[in-house]
$ cat entry_14.txt   # compact mmCIF, C-alpha atoms and all ligand atoms
# COMPACT_ATOMS: atom_id res chain seq x y z
CA MET A 1423 -6.18 3.75 29.06
CA LYS A 1424 -6.29 1.12 26.33
CA LYS A 1425 -4.75 -2.30 26.84
CA PHE A 1426 -2.67 -2.86 23.72
CA ALA A 1427 -1.16 -6.02 22.23
CA ILE A 1428 1.28 -5.69 19.33
CA ILE A 1429 1.70 -8.34 16.67
CA THR A 1430 4.24 -7.68 13.96
CA ASP A 1431 5.65 -9.20 10.81
CA PHE A 1432 9.46 -9.26 10.54
CA ASP A 1433 10.83 -9.01 6.97
CA GLY A 1434 10.31 -5.56 5.47
CA THR A 1435 8.34 -4.51 8.56
CA ILE A 1436 10.95 -4.56 11.35
CA THR A 1437 13.80 -4.49 8.84
CA THR A 1438 14.10 -1.98 6.01
CA ARG A 1439 14.20 -4.77 3.45
CA ASP A 1440 13.08 -8.39 3.16
CA ILE A 1441 16.06 -10.33 4.51
CA GLY A 1442 14.82 -13.68 3.17
CA ASN A 1443 14.68 -12.25 -0.34
CA ALA A 1444 18.04 -10.49 0.09
CA LEU A 1445 19.60 -13.84 1.00
CA CYS A 1446 18.07 -15.55 -2.03
CA PHE A 1447 19.28 -12.74 -4.31
CA HIS A 1448 22.74 -12.97 -2.73
CA PHE A 1449 22.99 -16.71 -3.42
CA GLY A 1450 21.31 -16.37 -6.81
CA THR A 1451 18.38 -18.68 -6.02
CA MET A 1452 15.90 -15.87 -6.77
CA LYS A 1453 15.97 -13.01 -9.24
CA PRO A 1454 14.70 -9.59 -8.15
CA THR A 1455 11.49 -9.10 -10.15
CA SER A 1456 8.41 -7.00 -9.65
CA SER A 1457 6.26 -10.14 -9.67
CA LEU A 1458 8.06 -11.56 -6.65
CA VAL A 1459 5.07 -11.27 -4.31
CA LYS A 1460 3.03 -13.43 -6.63
CA ASP A 1461 5.57 -16.25 -6.32
CA TYR A 1462 4.46 -16.88 -2.78
CA ASP A 1463 1.09 -18.62 -2.79
CA THR A 1464 -0.13 -18.52 0.80
CA LYS A 1465 -2.26 -21.65 0.42
CA GLU A 1466 0.49 -23.74 -1.17
CA ASP A 1467 2.60 -26.05 1.00
CA PRO A 1468 5.31 -23.59 2.16
CA SER A 1469 8.01 -26.27 2.20
CA ILE A 1470 7.86 -26.31 -1.64
CA TRP A 1471 8.63 -22.58 -1.77
CA PHE A 1472 11.37 -22.79 0.90
CA ASN A 1473 13.03 -25.85 -0.63
CA LYS A 1474 13.11 -24.15 -4.02
CA PHE A 1475 14.70 -20.89 -2.87
CA PHE A 1476 16.50 -21.70 0.41
CA GLY A 1477 17.24 -25.39 -0.18
CA PRO A 1478 20.26 -24.72 -2.45
CA ILE A 1479 21.86 -22.16 -0.07
CA LYS A 1480 25.07 -23.55 1.37
CA ALA A 1481 27.01 -21.59 3.97
CA ASN A 1482 28.51 -22.16 7.38
CA GLN A 1483 27.06 -20.38 10.40
CA GLN A 1484 29.67 -17.63 10.52
CA GLU A 1485 29.53 -16.89 6.80
CA PHE A 1486 25.73 -16.95 6.88
CA GLU A 1487 25.48 -14.51 9.80
CA SER A 1488 27.93 -12.07 8.31
CA ILE A 1489 25.95 -12.04 5.04
CA ILE A 1490 22.63 -11.43 6.82
CA LEU A 1491 24.03 -8.72 9.05
CA SER A 1492 25.42 -6.93 6.00
CA TYR A 1493 21.84 -6.61 4.68
CA ALA A 1494 19.93 -6.09 7.93
CA VAL A 1495 18.91 -2.65 9.07
CA VAL A 1496 16.25 -2.46 11.75
CA LYS A 1497 13.80 0.43 11.32
CA LYS A 1498 14.02 3.48 13.52
CA GLY A 1499 12.06 3.22 16.75
CA PHE A 1500 11.78 -0.56 16.79
CA GLU A 1501 14.23 -0.98 19.63
CA GLU A 1502 12.42 1.68 21.69
CA VAL A 1503 9.01 0.09 21.03
CA ALA A 1504 10.32 -3.34 22.10
CA LYS A 1505 11.75 -1.90 25.30
CA PHE A 1506 8.67 0.23 25.99
CA ALA A 1507 6.44 -2.83 25.52
CA GLN A 1508 8.54 -4.83 27.96
CA GLU A 1509 8.51 -2.08 30.59
CA HIS A 1510 4.75 -1.65 30.32
CA LYS A 1511 3.95 -5.36 30.02
CA ILE A 1512 2.43 -4.90 26.58
CA PRO A 1513 2.35 -8.23 24.69
CA PHE A 1514 4.63 -7.78 21.69
CA GLU A 1515 5.23 -10.69 19.37
CA ILE A 1516 6.76 -11.39 16.00
CA VAL A 1517 4.82 -13.61 13.61
CA SER A 1518 6.93 -14.29 10.58
CA GLY A 1519 7.28 -16.50 7.56
CA GLY A 1520 11.04 -15.93 7.79
CA LEU A 1521 13.70 -18.17 9.26
CA ASP A 1522 14.88 -18.15 12.87
CA ILE A 1523 18.49 -18.52 11.67
CA TYR A 1524 18.46 -14.97 10.33
CA ILE A 1525 15.87 -13.31 12.61
CA LYS A 1526 17.65 -14.22 15.85
CA PRO A 1527 21.13 -12.90 14.93
CA ILE A 1528 19.57 -9.62 13.75
CA LEU A 1529 17.65 -9.12 17.00
CA LYS A 1530 20.72 -10.13 19.00
CA LYS A 1531 22.78 -7.45 17.30
CA TYR A 1532 20.36 -4.83 18.59
CA ASN A 1533 20.47 -6.06 22.18
CA LEU A 1534 16.69 -6.32 22.40
CA PRO A 1535 14.59 -7.91 25.12
CA PRO A 1536 13.63 -11.50 24.29
CA LEU A 1537 10.46 -11.35 22.19
CA PRO A 1538 7.94 -14.14 21.71
CA MET A 1539 8.35 -15.27 18.15
CA TYR A 1540 6.63 -17.55 15.68
CA CYS A 1541 8.63 -18.30 12.57
CA VAL A 1542 10.09 -20.99 10.33
CA ARG A 1543 12.99 -23.04 11.73
CA GLY A 1544 16.02 -23.31 9.49
CA ASN A 1545 19.00 -25.58 9.75
CA LEU A 1546 22.25 -24.97 7.88
CA THR A 1547 23.50 -28.30 6.59
CA PRO A 1548 26.30 -29.19 4.14
CA LYS A 1549 23.53 -30.03 1.64
CA GLY A 1550 21.77 -26.68 2.05
CA ILE A 1551 19.14 -25.13 4.31
CA LYS A 1552 16.54 -27.53 5.68
CA VAL A 1553 13.32 -26.03 6.99
CA ASP A 1554 10.68 -27.08 9.47
CA PHE A 1555 7.38 -25.50 10.56
CA PRO A 1556 6.78 -26.46 14.20
CA ASP A 1557 5.12 -23.11 15.07
CA TYR A 1558 2.32 -23.43 12.52
CA PRO A 1559 2.50 -26.96 11.10
CA THR A 1560 -0.97 -27.11 9.56
CA THR A 1561 -2.15 -23.52 9.22
CA PRO A 1562 -1.28 -21.30 6.24
CA LEU A 1563 0.86 -18.38 7.37
CA ASP A 1564 -1.68 -15.66 6.55
CA ASP A 1565 -4.37 -17.43 8.59
CA PHE A 1566 -1.92 -18.06 11.42
CA LYS A 1567 -1.05 -14.35 11.61
CA ALA A 1568 -4.76 -13.54 11.77
CA GLN A 1569 -5.20 -16.15 14.52
CA ARG A 1570 -2.57 -14.44 16.67
CA VAL A 1571 -4.42 -11.13 16.33
CA LYS A 1572 -7.73 -12.80 17.20
CA TYR A 1573 -6.11 -14.50 20.21
CA TYR A 1574 -5.38 -11.11 21.80
CA LYS A 1575 -8.69 -9.61 20.70
CA ASN A 1576 -10.53 -12.41 22.50
CA LYS A 1577 -8.55 -11.59 25.64
CA GLY A 1578 -9.85 -8.01 25.53
CA TYR A 1579 -6.77 -6.31 24.07
CA THR A 1580 -6.84 -3.52 21.50
CA THR A 1581 -4.70 -5.17 18.83
CA ILE A 1582 -2.04 -3.39 16.80
CA PHE A 1583 -0.71 -5.19 13.74
CA LEU A 1584 2.19 -4.15 11.51
CA GLY A 1585 2.97 -5.64 8.13
CA ASP A 1586 4.16 -5.08 4.59
CA GLY A 1587 3.09 -8.00 2.42
CA LEU A 1588 0.44 -10.27 1.01
CA VAL A 1589 0.76 -12.78 3.86
CA ASP A 1590 -0.17 -9.97 6.27
CA LEU A 1591 -3.53 -9.24 4.68
CA GLU A 1592 -5.71 -11.57 6.78
CA ALA A 1593 -4.19 -10.27 10.03
CA ALA A 1594 -4.63 -6.72 8.73
CA LYS A 1595 -8.37 -7.34 8.36
CA GLU A 1596 -8.60 -8.47 12.00
CA ALA A 1597 -6.47 -5.82 13.73
CA ASP A 1598 -8.07 -2.94 15.63
CA ILE A 1599 -5.21 -0.65 14.64
CA LEU A 1600 -3.26 -1.38 11.48
CA PHE A 1601 0.12 -0.06 10.41
CA ALA A 1602 0.78 -0.96 6.78
CA THR A 1603 3.56 -0.23 4.34
CA ASP A 1604 4.61 -1.20 0.81
CA TYR A 1605 2.53 -3.93 -0.84
CA LEU A 1606 0.23 -4.39 2.17
CA ALA A 1607 -0.67 -0.69 1.99
CA GLU A 1608 -1.52 -1.15 -1.72
CA LEU A 1609 -3.67 -4.17 -0.89
CA CYS A 1610 -5.44 -2.27 1.89
CA ASP A 1611 -6.24 0.55 -0.54
CA ARG A 1612 -7.64 -2.01 -2.96
CA HIS A 1613 -9.71 -3.78 -0.28
CA LYS A 1614 -10.71 -0.51 1.45
CA ILE A 1615 -9.14 -1.55 4.76
CA PRO A 1616 -8.28 1.48 6.92
CA TYR A 1617 -4.63 1.73 7.94
CA ARG A 1618 -1.89 4.08 9.05
CA GLU A 1619 1.01 4.25 6.65
CA PHE A 1620 4.36 3.74 8.36
CA LYS A 1621 7.99 4.10 7.37
CA ASP A 1622 9.38 3.16 10.77
CA PHE A 1623 8.26 2.56 14.38
CA THR A 1624 8.32 6.17 15.59
CA LYS A 1625 4.58 6.71 14.97
CA LEU A 1626 3.74 3.61 16.98
CA LEU A 1627 6.11 4.65 19.77
CA LYS A 1628 4.40 8.06 19.98
CA MET A 1629 0.98 6.39 20.10
CA LEU A 1630 2.06 4.04 22.89
CA LYS A 1631 3.56 6.88 24.93
CA GLU A 1632 0.42 8.96 24.57
CA ASN A 1633 -1.63 6.07 25.84
CA TYR A 1634 0.61 4.75 28.63
CA VAL A 1635 2.39 7.81 29.90
CA SER A 1636 0.45 10.81 31.14
CA LEU A 1637 1.87 13.68 29.17
CA PRO A 1638 1.91 17.18 30.68
CA ALA A 1639 -1.02 19.33 29.53
MG MG B 1 7.11 -8.92 5.45

$ encode --input "entry_14.txt" --output "structure tokens"
Amino acid sequence: MKKFAIITDFDGTITTRDIGNALCFHFGTMKPTSSLVKDYDTKEDPSIWFNKFFGPIKANQQEFESIILSYAVVKKGFEEVAKFAQEHKIPFEIVSGGLDIYIKPILKKYNLPPLPMYCVRGNLTPKGIKVDFPDYPTTPLDDFKAQRVKYYKNKGYTTIFLGDGLVDLEAAKEADILFATDYLAELCDRHKIPYREFKDFTKLLKMLKENYVSLPA
């Protein structure tokens, strides 16, 4: 039996769409364009990007949560994977460039076990959203995601990583088993990185069950 550790992105990986982008489109701070992914330079100071797109967003807590929840749909099987991981003591963590102020209410809605999470901290103020990066203050997000995968690899785990975007590429290169979708899948094709395409978490759930539960012959 393999000893798995699961590291996953949040926006567009756990949820069917990127909630951060949906919020920016909602408040008009960002326009939906096909070149969106190129706007996020992983080596640039992320506070510049966040202040540009999230800085002007003004909403109170209640209004903010109702907007996010109207956009948030968690992919099929995620809840089961989270619960399965907890029952079988499989490390399962979220490593995200998104904001805690939208990730937490979404997870809460689904009544999930508490998951270790690394993300950006947001604060709703009358002047707009202020952000802070206590989880990875000096490391670019893509390198930090890769570090989390390496952390479990060094402890002898078979690492499973799930992602959908450019900032997931470095972690994708490190993972033993990679689930990729959308732009990350395109990048993996381009860089010849092997991956399993995924639409939701049902494939991963099946894989975990096959490994951890002895199925009848
Ligand atoms: Mg993502």

$ residues_near_ligand --input "entry_14.txt" --ligand "ligand MG 1 (chain B)" --cutoff "8 Å" --atoms "all atoms listed in the file" --output "list in words"
Asp1431, Phe1432, Asp1433, Gly1434, Thr1435, Asp1440, Ser1518, Gly1519, Gly1585, Asp1586, Gly1587, Val1589 and Asp1590 of chain A

$ write_last_selection --input "entry_14.txt" --atoms "C-alpha atoms" --output "JSON list (two decimals), in the coordinates of the input"
[["chain", "number", "residue", "atom", "x", "y", "z"],
["A", 1431, "ASP", "CA", 5.65, -9.20, 10.81],
["A", 1432, "PHE", "CA", 9.46, -9.26, 10.54],
["A", 1433, "ASP", "CA", 10.83, -9.01, 6.97],
["A", 1434, "GLY", "CA", 10.31, -5.56, 5.47],
["A", 1435, "THR", "CA", 8.34, -4.51, 8.56],
["A", 1440, "ASP", "CA", 13.08, -8.39, 3.16],
["A", 1518, "SER", "CA", 6.93, -14.29, 10.58],
["A", 1519, "GLY", "CA", 7.28, -16.50, 7.56],
["A", 1585, "GLY", "CA", 2.97, -5.64, 8.13],
["A", 1586, "ASP", "CA", 4.16, -5.08, 4.59],
["A", 1587, "GLY", "CA", 3.09, -8.00, 2.42],
["A", 1589, "VAL", "CA", 0.76, -12.78, 3.86],
["A", 1590, "ASP", "CA", -0.17, -9.97, 6.27]]

$ closest_atom_pairs --input "entry_14.txt" --of "region 1536-1621 of chain A" --to "region 1461-1484 of chain A" --cutoff "12 Å" --atoms "all atoms listed in the file" --output "JSON lines"
{"residue": "A:Val1542", "atom": "CA", "partner": "A:Phe1472", "partner_atom": "CA", "distance": 9.7}
{"residue": "A:Arg1543", "atom": "CA", "partner": "A:Phe1472", "partner_atom": "CA", "distance": 11.0}
{"residue": "A:Gly1544", "atom": "CA", "partner": "A:Phe1476", "partner_atom": "CA", "distance": 9.2}
{"residue": "A:Asn1545", "atom": "CA", "partner": "A:Gln1483", "partner_atom": "CA", "distance": 9.6}
{"residue": "A:Leu1546", "atom": "CA", "partner": "A:Asn1482", "partner_atom": "CA", "distance": 6.9}
{"residue": "A:Thr1547", "atom": "CA", "partner": "A:Lys1480", "partner_atom": "CA", "distance": 7.2}
{"residue": "A:Pro1548", "atom": "CA", "partner": "A:Lys1480", "partner_atom": "CA", "distance": 6.4}
{"residue": "A:Lys1549", "atom": "CA", "partner": "A:Lys1480", "partner_atom": "CA", "distance": 6.7}
{"residue": "A:Gly1550", "atom": "CA", "partner": "A:Lys1480", "partner_atom": "CA", "distance": 4.6}
{"residue": "A:Ile1551", "atom": "CA", "partner": "A:Gly1477", "partner_atom": "CA", "distance": 4.9}
{"residue": "A:Lys1552", "atom": "CA", "partner": "A:Gly1477", "partner_atom": "CA", "distance": 6.3}
{"residue": "A:Val1553", "atom": "CA", "partner": "A:Ser1469", "partner_atom": "CA", "distance": 7.2}
{"residue": "A:Asp1554", "atom": "CA", "partner": "A:Ser1469", "partner_atom": "CA", "distance": 7.8}
{"residue": "A:Phe1555", "atom": "CA", "partner": "A:Ser1469", "partner_atom": "CA", "distance": 8.4}
{"residue": "A:Tyr1558", "atom": "CA", "partner": "A:Pro1468", "partner_atom": "CA", "distance": 10.8}
{"residue": "A:Pro1559", "atom": "CA", "partner": "A:Pro1468", "partner_atom": "CA", "distance": 10.0}
{"residue": "A:Thr1560", "atom": "CA", "partner": "A:Asp1467", "partner_atom": "CA", "distance": 9.3}
{"residue": "A:Thr1561", "atom": "CA", "partner": "A:Lys1465", "partner_atom": "CA", "distance": 9.0}
{"residue": "A:Pro1562", "atom": "CA", "partner": "A:Lys1465", "partner_atom": "CA", "distance": 5.9}
{"residue": "A:Leu1563", "atom": "CA", "partner": "A:Thr1464", "partner_atom": "CA", "distance": 6.6}
{"residue": "A:Asp1564", "atom": "CA", "partner": "A:Thr1464", "partner_atom": "CA", "distance": 6.6}
{"residue": "A:Asp1565", "atom": "CA", "partner": "A:Thr1464", "partner_atom": "CA", "distance": 8.9}
{"residue": "A:Phe1566", "atom": "CA", "partner": "A:Thr1464", "partner_atom": "CA", "distance": 10.8}
{"residue": "A:Lys1567", "atom": "CA", "partner": "A:Thr1464", "partner_atom": "CA", "distance": 11.6}
{"residue": "A:Gly1587", "atom": "CA", "partner": "A:Tyr1462", "partner_atom": "CA", "distance": 10.4}
{"residue": "A:Leu1588", "atom": "CA", "partner": "A:Thr1464", "partner_atom": "CA", "distance": 8.3}
{"residue": "A:Val1589", "atom": "CA", "partner": "A:Thr1464", "partner_atom": "CA", "distance": 6.6}
{"residue": "A:Asp1590", "atom": "CA", "partner": "A:Thr1464", "partner_atom": "CA", "distance": 10.2}
{"residue": "A:Leu1591", "atom": "CA", "partner": "A:Thr1464", "partner_atom": "CA", "distance": 10.6}
{"residue": "A:Glu1592", "atom": "CA", "partner": "A:Thr1464", "partner_atom": "CA", "distance": 10.7}

$ atom_distance --input "entry_14.txt" --atom1 "CA of Glu1485 (chain A)" --atom2 "CA of Met1452 (chain A)"
19.3 Å

$ residues_around --input "entry_14.txt" --residues "Ile1582 (chain A)" --least-positions-apart "4" --cutoff "12 Å" --atoms "all atoms listed in the file" --output "ChimeraX atom specification"
/A:1424-1431,1512-1516,1568,1570-1572,1574-1575,1593-1602,1617-1618,1626-1627,1629-1630

$ write_last_selection --input "entry_14.txt" --atoms "C-alpha atoms" --output "mmCIF file, in the frame of the given file"
data_model
loop_
_atom_site.group_PDB
_atom_site.id
_atom_site.type_symbol
_atom_site.label_atom_id
_atom_site.label_comp_id
_atom_site.auth_asym_id
_atom_site.auth_seq_id
_atom_site.Cartn_x
_atom_site.Cartn_y
_atom_site.Cartn_z
ATOM 1 C CA LYS A 1424 -6.290 1.120 26.330
ATOM 2 C CA LYS A 1425 -4.750 -2.300 26.840
ATOM 3 C CA PHE A 1426 -2.670 -2.860 23.720
ATOM 4 C CA ALA A 1427 -1.160 -6.020 22.230
ATOM 5 C CA ILE A 1428 1.280 -5.690 19.330
ATOM 6 C CA ILE A 1429 1.700 -8.340 16.670
ATOM 7 C CA THR A 1430 4.240 -7.680 13.960
ATOM 8 C CA ASP A 1431 5.650 -9.200 10.810
ATOM 9 C CA ILE A 1512 2.430 -4.900 26.580
ATOM 10 C CA PRO A 1513 2.350 -8.230 24.690
ATOM 11 C CA PHE A 1514 4.630 -7.780 21.690
ATOM 12 C CA GLU A 1515 5.230 -10.690 19.370
ATOM 13 C CA ILE A 1516 6.760 -11.390 16.000
ATOM 14 C CA ALA A 1568 -4.760 -13.540 11.770
ATOM 15 C CA ARG A 1570 -2.570 -14.440 16.670
ATOM 16 C CA VAL A 1571 -4.420 -11.130 16.330
ATOM 17 C CA LYS A 1572 -7.730 -12.800 17.200
ATOM 18 C CA TYR A 1574 -5.380 -11.110 21.800
ATOM 19 C CA LYS A 1575 -8.690 -9.610 20.700
ATOM 20 C CA ALA A 1593 -4.190 -10.270 10.030
ATOM 21 C CA ALA A 1594 -4.630 -6.720 8.730
ATOM 22 C CA LYS A 1595 -8.370 -7.340 8.360
ATOM 23 C CA GLU A 1596 -8.600 -8.470 12.000
ATOM 24 C CA ALA A 1597 -6.470 -5.820 13.730
ATOM 25 C CA ASP A 1598 -8.070 -2.940 15.630
ATOM 26 C CA ILE A 1599 -5.210 -0.650 14.640
ATOM 27 C CA LEU A 1600 -3.260 -1.380 11.480
ATOM 28 C CA PHE A 1601 0.120 -0.060 10.410
ATOM 29 C CA ALA A 1602 0.780 -0.960 6.780
ATOM 30 C CA TYR A 1617 -4.630 1.730 7.940
ATOM 31 C CA ARG A 1618 -1.890 4.080 9.050
ATOM 32 C CA LEU A 1626 3.740 3.610 16.980
ATOM 33 C CA LEU A 1627 6.110 4.650 19.770
ATOM 34 C CA MET A 1629 0.980 6.390 20.100
ATOM 35 C CA LEU A 1630 2.060 4.040 22.890
#

$ build_atoms --input "entry_14.txt" --residues "region 1575-1587 of chain A" --atoms "N, CA and C atoms" --output "compact mmCIF listing (two decimals), keeping the file's coordinate frame"
# COMPACT_ATOMS: atom_id res chain seq x y z
N LYS A 1575 -7.39 -10.29 20.72
CA LYS A 1575 -8.69 -9.61 20.70
C LYS A 1575 -9.65 -10.31 21.67
N ASN A 1576 -9.64 -11.63 21.62
CA ASN A 1576 -10.53 -12.41 22.50
C ASN A 1576 -10.19 -12.24 23.97
N LYS A 1577 -8.96 -11.82 24.25
CA LYS A 1577 -8.55 -11.59 25.64
C LYS A 1577 -8.82 -10.15 26.06
N GLY A 1578 -9.45 -9.38 25.18
CA GLY A 1578 -9.85 -8.01 25.53
C GLY A 1578 -8.82 -6.94 25.20
N TYR A 1579 -7.79 -7.31 24.46
CA TYR A 1579 -6.77 -6.31 24.07
C TYR A 1579 -7.22 -5.52 22.85
N THR A 1580 -6.74 -4.28 22.74
CA THR A 1580 -6.84 -3.52 21.50
C THR A 1580 -5.61 -3.93 20.69
N THR A 1581 -5.84 -4.59 19.55
CA THR A 1581 -4.70 -5.17 18.83
C THR A 1581 -4.11 -4.20 17.81
N ILE A 1582 -2.79 -4.20 17.78
CA ILE A 1582 -2.04 -3.39 16.80
C ILE A 1582 -1.26 -4.38 15.94
N PHE A 1583 -1.46 -4.31 14.63
CA PHE A 1583 -0.71 -5.19 13.74
C PHE A 1583 0.11 -4.37 12.76
N LEU A 1584 1.32 -4.83 12.48
CA LEU A 1584 2.19 -4.15 11.51
C LEU A 1584 2.64 -5.15 10.45
N GLY A 1585 2.54 -4.74 9.19
CA GLY A 1585 2.97 -5.64 8.13
C GLY A 1585 3.24 -4.92 6.83
N ASP A 1586 3.80 -5.69 5.88
CA ASP A 1586 4.16 -5.08 4.59
C ASP A 1586 3.79 -5.92 3.38
N GLY A 1587 3.25 -7.13 3.60
CA GLY A 1587 3.09 -8.00 2.42
C GLY A 1587 1.76 -8.72 2.32
